[in-house]
Amino acid sequence: MEKIKLSSQEGEAIELFVLEETTISGVDYFLATEDEEGDSEAYILKDLSSKNEEEAVFEIVSDDAELNAVAKVFESLLDDVSFT
C-alpha cells in the first residue's frame, strides 16, 4: 500500500496510507487513512498542485457537497468502505 508523507501548516509530519485515488473533472482525489488495516480516521485529499510542481500540495476536502460527492465515488470503487 502506498504511503504519503505530509506536512501540516504547523510543520507537523503526518504519514497516511493511500487506499484509493480517482480523478473527477480533472481534479485528483485521494482516500487516505492513518492505519494500514482496520477502522480508523479516513481523509479525502484534493491535489491542488499543478503538473509542473515537484511536490504535491494537498488539501483535506471540507466542502460538504464536494465531500459527499467524492465519498460516493470512493464507496463505489471500494466494496468494503463506507463513510459515516
# chains A, B, ... in the order shown; residues from 1 in each chain; ligands from 1
$ select_by_dssp --residues "chain A" --states "strand (DSSP E)" --output "VMD selection string"
chain A and resid 3 to 7 13 to 24 27 to 33 42 to 47 58 to 60
$ write_last_selection --atoms "N, CA and C atoms" --output "mmCIF file, in the first residue's frame"
data_model
loop_
_atom_site.group_PDB
_atom_site.id
_atom_site.type_symbol
_atom_site.label_atom_id
_atom_site.label_comp_id
_atom_site.auth_asym_id
_atom_site.auth_seq_id
_atom_site.Cartn_x
_atom_site.Cartn_y
_atom_site.Cartn_z
ATOM 1 N N LYS A 3 2.249 4.873 0.724
ATOM 2 C CA LYS A 3 2.237 5.734 1.895
ATOM 3 C C LYS A 3 2.689 7.123 1.459
ATOM 4 N N ILE A 4 1.983 8.154 1.929
ATOM 5 C CA ILE A 4 2.398 9.513 1.630
ATOM 6 C C ILE A 4 2.738 10.232 2.916
ATOM 7 N N LYS A 5 3.690 11.136 2.821
ATOM 8 C CA LYS A 5 4.102 11.936 3.965
ATOM 9 C C LYS A 5 3.701 13.374 3.695
ATOM 10 N N LEU A 6 2.991 13.947 4.645
ATOM 11 C CA LEU A 6 2.511 15.315 4.529
ATOM 12 C C LEU A 6 3.082 16.158 5.654
ATOM 13 N N SER A 7 3.088 17.450 5.442
ATOM 14 C CA SER A 7 3.446 18.390 6.497
ATOM 15 C C SER A 7 2.252 19.296 6.722
ATOM 16 N N ALA A 13 4.764 16.511 10.866
ATOM 17 C CA ALA A 13 4.815 15.454 9.867
ATOM 18 C C ALA A 13 3.663 14.476 10.082
ATOM 19 N N ILE A 14 2.992 14.140 8.995
ATOM 20 C CA ILE A 14 1.853 13.230 9.028
ATOM 21 C C ILE A 14 2.071 12.170 7.954
ATOM 22 N N GLU A 15 1.916 10.897 8.316
ATOM 23 C CA GLU A 15 2.019 9.811 7.350
ATOM 24 C C GLU A 15 0.652 9.162 7.192
ATOM 25 N N LEU A 16 0.222 8.995 5.950
ATOM 26 C CA LEU A 16 -1.063 8.387 5.657
ATOM 27 C C LEU A 16 -0.900 7.300 4.606
ATOM 28 N N PHE A 17 -1.750 6.298 4.689
ATOM 29 C CA PHE A 17 -1.787 5.219 3.703
ATOM 30 C C PHE A 17 -2.859 5.554 2.669
ATOM 31 N N VAL A 18 -2.515 5.465 1.399
ATOM 32 C CA VAL A 18 -3.456 5.752 0.318
ATOM 33 C C VAL A 18 -4.229 4.480 -0.010
ATOM 34 N N LEU A 19 -5.540 4.527 0.204
ATOM 35 C CA LEU A 19 -6.396 3.377 -0.088
ATOM 36 C C LEU A 19 -6.845 3.362 -1.543
ATOM 37 N N GLU A 20 -7.098 4.543 -2.087
ATOM 38 C CA GLU A 20 -7.613 4.642 -3.453
ATOM 39 C C GLU A 20 -7.398 6.067 -3.944
ATOM 40 N N GLU A 21 -7.349 6.217 -5.241
ATOM 41 C CA GLU A 21 -7.284 7.541 -5.839
ATOM 42 C C GLU A 21 -8.171 7.565 -7.069
ATOM 43 N N THR A 22 -8.680 8.756 -7.391
ATOM 44 C CA THR A 22 -9.552 8.914 -8.541
ATOM 45 C C THR A 22 -9.412 10.335 -9.065
ATOM 46 N N THR A 23 -9.829 10.539 -10.299
ATOM 47 C CA THR A 23 -9.833 11.864 -10.902
ATOM 48 C C THR A 23 -11.257 12.193 -11.300
ATOM 49 N N ILE A 24 -11.726 13.353 -10.853
ATOM 50 C CA ILE A 24 -13.074 13.808 -11.165
ATOM 51 C C ILE A 24 -12.954 15.216 -11.738
ATOM 52 N N VAL A 27 -9.586 16.834 -11.494
ATOM 53 C CA VAL A 27 -9.006 17.025 -10.164
ATOM 54 C C VAL A 27 -8.717 15.652 -9.560
ATOM 55 N N ASP A 28 -7.498 15.487 -9.035
ATOM 56 C CA ASP A 28 -7.109 14.217 -8.411
ATOM 57 C C ASP A 28 -7.502 14.222 -6.943
ATOM 58 N N TYR A 29 -8.162 13.141 -6.512
ATOM 59 C CA TYR A 29 -8.568 12.954 -5.119
ATOM 60 C C TYR A 29 -7.953 11.664 -4.594
ATOM 61 N N PHE A 30 -7.607 11.664 -3.312
ATOM 62 C CA PHE A 30 -7.016 10.502 -2.667
ATOM 63 C C PHE A 30 -7.796 10.180 -1.409
ATOM 64 N N LEU A 31 -8.082 8.909 -1.209
ATOM 65 C CA LEU A 31 -8.670 8.434 0.037
ATOM 66 C C LEU A 31 -7.524 7.868 0.858
ATOM 67 N N ALA A 32 -7.255 8.482 1.993
ATOM 68 C CA ALA A 32 -6.109 8.084 2.808
ATOM 69 C C ALA A 32 -6.556 7.861 4.247
ATOM 70 N N THR A 33 -5.807 7.001 4.948
ATOM 71 C CA THR A 33 -6.138 6.657 6.321
ATOM 72 C C THR A 33 -4.875 6.594 7.164
ATOM 73 N N ALA A 42 -10.411 8.417 8.224
ATOM 74 C CA ALA A 42 -10.119 8.463 6.794
ATOM 75 C C ALA A 42 -10.223 9.911 6.336
ATOM 76 N N TYR A 43 -9.414 10.256 5.360
ATOM 77 C CA TYR A 43 -9.383 11.614 4.840
ATOM 78 C C TYR A 43 -9.508 11.567 3.324
ATOM 79 N N ILE A 44 -10.254 12.505 2.790
ATOM 80 C CA ILE A 44 -10.292 12.680 1.349
ATOM 81 C C ILE A 44 -9.466 13.923 1.058
ATOM 82 N N LEU A 45 -8.392 13.701 0.303
ATOM 83 C CA LEU A 45 -7.468 14.774 -0.019
ATOM 84 C C LEU A 45 -7.633 15.178 -1.471
ATOM 85 N N LYS A 46 -7.507 16.475 -1.705
ATOM 86 C CA LYS A 46 -7.609 17.039 -3.044
ATOM 87 C C LYS A 46 -6.220 17.547 -3.429
ATOM 88 N N ASP A 47 -5.736 17.159 -4.590
ATOM 89 C CA ASP A 47 -4.417 17.588 -5.063
ATOM 90 C C ASP A 47 -4.555 18.958 -5.722
ATOM 91 N N PHE A 58 -1.599 19.138 -1.074
ATOM 92 C CA PHE A 58 -2.893 18.531 -0.784
ATOM 93 C C PHE A 58 -3.692 19.389 0.181
ATOM 94 N N GLU A 59 -5.006 19.290 0.041
ATOM 95 C CA GLU A 59 -5.928 19.947 0.954
ATOM 96 C C GLU A 59 -6.973 18.910 1.347
ATOM 97 N N ILE A 60 -7.317 18.858 2.611
ATOM 98 C CA ILE A 60 -8.404 17.975 3.046
ATOM 99 C C ILE A 60 -9.711 18.588 2.566
#
$ select_by_dssp --residues "segment 5-73 of chain A" --states "alpha helix (DSSP H)" --output "VMD selection string"
chain A and resid 64 to 73
$ decode --residues "segment 13-63 of chain A" --atoms "N, CA and C atoms" --output "JSON list (two decimals), in the first residue's frame"
[["chain", "number", "residue", "atom", "x", "y", "z"],
["A", 13, "ALA", "N", 4.76, 16.51, 10.87],
["A", 13, "ALA", "CA", 4.81, 15.45, 9.87],
["A", 13, "ALA", "C", 3.66, 14.48, 10.08],
["A", 14, "ILE", "N", 2.99, 14.14, 8.99],
["A", 14, "ILE", "CA", 1.85, 13.23, 9.03],
["A", 14, "ILE", "C", 2.07, 12.17, 7.95],
["A", 15, "GLU", "N", 1.92, 10.90, 8.32],
["A", 15, "GLU", "CA", 2.02, 9.81, 7.35],
["A", 15, "GLU", "C", 0.65, 9.16, 7.19],
["A", 16, "LEU", "N", 0.22, 9.00, 5.95],
["A", 16, "LEU", "CA", -1.06, 8.39, 5.66],
["A", 16, "LEU", "C", -0.90, 7.30, 4.61],
["A", 17, "PHE", "N", -1.75, 6.30, 4.69],
["A", 17, "PHE", "CA", -1.79, 5.22, 3.70],
["A", 17, "PHE", "C", -2.86, 5.55, 2.67],
["A", 18, "VAL", "N", -2.52, 5.46, 1.40],
["A", 18, "VAL", "CA", -3.46, 5.75, 0.32],
["A", 18, "VAL", "C", -4.23, 4.48, -0.01],
["A", 19, "LEU", "N", -5.54, 4.53, 0.20],
["A", 19, "LEU", "CA", -6.40, 3.38, -0.09],
["A", 19, "LEU", "C", -6.84, 3.36, -1.54],
["A", 20, "GLU", "N", -7.10, 4.54, -2.09],
["A", 20, "GLU", "CA", -7.61, 4.64, -3.45],
["A", 20, "GLU", "C", -7.40, 6.07, -3.94],
["A", 21, "GLU", "N", -7.35, 6.22, -5.24],
["A", 21, "GLU", "CA", -7.28, 7.54, -5.84],
["A", 21, "GLU", "C", -8.17, 7.57, -7.07],
["A", 22, "THR", "N", -8.68, 8.76, -7.39],
["A", 22, "THR", "CA", -9.55, 8.91, -8.54],
["A", 22, "THR", "C", -9.41, 10.34, -9.06],
["A", 23, "THR", "N", -9.83, 10.54, -10.30],
["A", 23, "THR", "CA", -9.83, 11.86, -10.90],
["A", 23, "THR", "C", -11.26, 12.19, -11.30],
["A", 24, "ILE", "N", -11.73, 13.35, -10.85],
["A", 24, "ILE", "CA", -13.07, 13.81, -11.16],
["A", 24, "ILE", "C", -12.95, 15.22, -11.74],
["A", 25, "SER", "N", -13.44, 15.39, -12.94],
["A", 25, "SER", "CA", -13.38, 16.69, -13.63],
["A", 25, "SER", "C", -11.98, 17.27, -13.64],
["A", 26, "GLY", "N", -10.99, 16.42, -13.85],
["A", 26, "GLY", "CA", -9.61, 16.86, -13.94],
["A", 26, "GLY", "C", -8.91, 17.11, -12.61],
["A", 27, "VAL", "N", -9.59, 16.83, -11.49],
["A", 27, "VAL", "CA", -9.01, 17.02, -10.16],
["A", 27, "VAL", "C", -8.72, 15.65, -9.56],
["A", 28, "ASP", "N", -7.50, 15.49, -9.03],
["A", 28, "ASP", "CA", -7.11, 14.22, -8.41],
["A", 28, "ASP", "C", -7.50, 14.22, -6.94],
["A", 29, "TYR", "N", -8.16, 13.14, -6.51],
["A", 29, "TYR", "CA", -8.57, 12.95, -5.12],
["A", 29, "TYR", "C", -7.95, 11.66, -4.59],
["A", 30, "PHE", "N", -7.61, 11.66, -3.31],
["A", 30, "PHE", "CA", -7.02, 10.50, -2.67],
["A", 30, "PHE", "C", -7.80, 10.18, -1.41],
["A", 31, "LEU", "N", -8.08, 8.91, -1.21],
["A", 31, "LEU", "CA", -8.67, 8.43, 0.04],
["A", 31, "LEU", "C", -7.52, 7.87, 0.86],
["A", 32, "ALA", "N", -7.26, 8.48, 1.99],
["A", 32, "ALA", "CA", -6.11, 8.08, 2.81],
["A", 32, "ALA", "C", -6.56, 7.86, 4.25],
["A", 33, "THR", "N", -5.81, 7.00, 4.95],
["A", 33, "THR", "CA", -6.14, 6.66, 6.32],
["A", 33, "THR", "C", -4.88, 6.59, 7.16],
["A", 34, "GLU", "N", -5.04, 6.71, 8.47],
["A", 34, "GLU", "CA", -3.90, 6.70, 9.38],
["A", 34, "GLU", "C", -3.33, 5.30, 9.58],
["A", 35, "ASP", "N", -4.19, 4.29, 9.53],
["A", 35, "ASP", "CA", -3.77, 2.91, 9.77],
["A", 35, "ASP", "C", -3.91, 2.09, 8.49],
["A", 36, "GLU", "N", -2.97, 1.19, 8.28],
["A", 36, "GLU", "CA", -2.98, 0.38, 7.06],
["A", 36, "GLU", "C", -4.16, -0.59, 7.02],
["A", 37, "GLU", "N", -4.57, -1.09, 8.18],
["A", 37, "GLU", "CA", -5.68, -2.05, 8.24],
["A", 37, "GLU", "C", -6.63, -1.67, 9.36],
["A", 38, "GLY", "N", -7.87, -2.10, 9.25],
["A", 38, "GLY", "CA", -8.85, -1.87, 10.30],
["A", 38, "GLY", "C", -9.54, -0.52, 10.15],
["A", 39, "ASP", "N", -10.41, -0.24, 11.10],
["A", 39, "ASP", "CA", -11.14, 1.02, 11.11],
["A", 39, "ASP", "C", -10.28, 2.13, 11.68],
["A", 40, "SER", "N", -10.26, 3.25, 11.02],
["A", 40, "SER", "CA", -9.54, 4.41, 11.51],
["A", 40, "SER", "C", -10.06, 5.64, 10.80],
["A", 41, "GLU", "N", -9.56, 6.78, 11.21],
["A", 41, "GLU", "CA", -9.93, 8.03, 10.55],
["A", 41, "GLU", "C", -9.53, 7.96, 9.08],
["A", 42, "ALA", "N", -10.41, 8.42, 8.22],
["A", 42, "ALA", "CA", -10.12, 8.46, 6.79],
["A", 42, "ALA", "C", -10.22, 9.91, 6.34],
["A", 43, "TYR", "N", -9.41, 10.26, 5.36],
["A", 43, "TYR", "CA", -9.38, 11.61, 4.84],
["A", 43, "TYR", "C", -9.51, 11.57, 3.32],
["A", 44, "ILE", "N", -10.25, 12.50, 2.79],
["A", 44, "ILE", "CA", -10.29, 12.68, 1.35],
["A", 44, "ILE", "C", -9.47, 13.92, 1.06],
["A", 45, "LEU", "N", -8.39, 13.70, 0.30],
["A", 45, "LEU", "CA", -7.47, 14.77, -0.02],
["A", 45, "LEU", "C", -7.63, 15.18, -1.47],
["A", 46, "LYS", "N", -7.51, 16.47, -1.70],
["A", 46, "LYS", "CA", -7.61, 17.04, -3.04],
["A", 46, "LYS", "C", -6.22, 17.55, -3.43],
["A", 47, "ASP", "N", -5.74, 17.16, -4.59],
["A", 47, "ASP", "CA", -4.42, 17.59, -5.06],
["A", 47, "ASP", "C", -4.55, 18.96, -5.72],
["A", 48, "LEU", "N", -3.96, 19.97, -5.10],
["A", 48, "LEU", "CA", -4.04, 21.34, -5.60],
["A", 48, "LEU", "C", -2.84, 21.73, -6.45],
["A", 49, "SER", "N", -1.85, 20.87, -6.56],
["A", 49, "SER", "CA", -0.62, 21.20, -7.27],
["A", 49, "SER", "C", -0.81, 21.12, -8.78],
["A", 50, "SER", "N", 0.00, 21.88, -9.48],
["A", 50, "SER", "CA", -0.01, 21.79, -10.94],
["A", 50, "SER", "C", 0.88, 20.64, -11.37],
["A", 51, "LYS", "N", 0.74, 20.21, -12.59],
["A", 51, "LYS", "CA", 1.50, 19.07, -13.09],
["A", 51, "LYS", "C", 3.01, 19.35, -13.14],
["A", 52, "ASN", "N", 3.39, 20.63, -13.15],
["A", 52, "ASN", "CA", 4.80, 21.00, -13.25],
["A", 52, "ASN", "C", 5.52, 21.05, -11.90],
["A", 53, "GLU", "N", 4.78, 21.02, -10.80],
["A", 53, "GLU", "CA", 5.40, 21.12, -9.48],
["A", 53, "GLU", "C", 6.04, 19.79, -9.08],
["A", 54, "GLU", "N", 7.19, 19.89, -8.41],
["A", 54, "GLU", "CA", 7.90, 18.69, -7.96],
["A", 54, "GLU", "C", 7.19, 18.03, -6.79],
["A", 55, "GLU", "N", 6.67, 18.83, -5.87],
["A", 55, "GLU", "CA", 5.98, 18.29, -4.69],
["A", 55, "GLU", "C", 4.50, 18.59, -4.78],
["A", 56, "ALA", "N", 3.71, 17.61, -4.39],
["A", 56, "ALA", "CA", 2.25, 17.77, -4.42],
["A", 56, "ALA", "C", 1.80, 18.65, -3.26],
["A", 57, "VAL", "N", 0.72, 19.36, -3.50],
["A", 57, "VAL", "CA", 0.09, 20.19, -2.47],
["A", 57, "VAL", "C", -1.32, 19.63, -2.29],
["A", 58, "PHE", "N", -1.60, 19.14, -1.07],
["A", 58, "PHE", "CA", -2.89, 18.53, -0.78],
["A", 58, "PHE", "C", -3.69, 19.39, 0.18],
["A", 59, "GLU", "N", -5.01, 19.29, 0.04],
["A", 59, "GLU", "CA", -5.93, 19.95, 0.95],
["A", 59, "GLU", "C", -6.97, 18.91, 1.35],
["A", 60, "ILE", "N", -7.32, 18.86, 2.61],
["A", 60, "ILE", "CA", -8.40, 17.97, 3.05],
["A", 60, "ILE", "C", -9.71, 18.59, 2.57],
["A", 61, "VAL", "N", -10.52, 17.80, 1.88],
["A", 61, "VAL", "CA", -11.80, 18.28, 1.35],
["A", 61, "VAL", "C", -12.73, 18.56, 2.53],
["A", 62, "SER", "N", -13.20, 19.80, 2.62],
["A", 62, "SER", "CA", -14.08, 20.17, 3.74],
["A", 62, "SER", "C", -15.44, 20.67, 3.28],
["A", 63, "ASP", "N", -15.58, 21.02, 2.01],
["A", 63, "ASP", "CA", -16.86, 21.45, 1.48],
["A", 63, "ASP", "C", -17.82, 20.26, 1.49]]
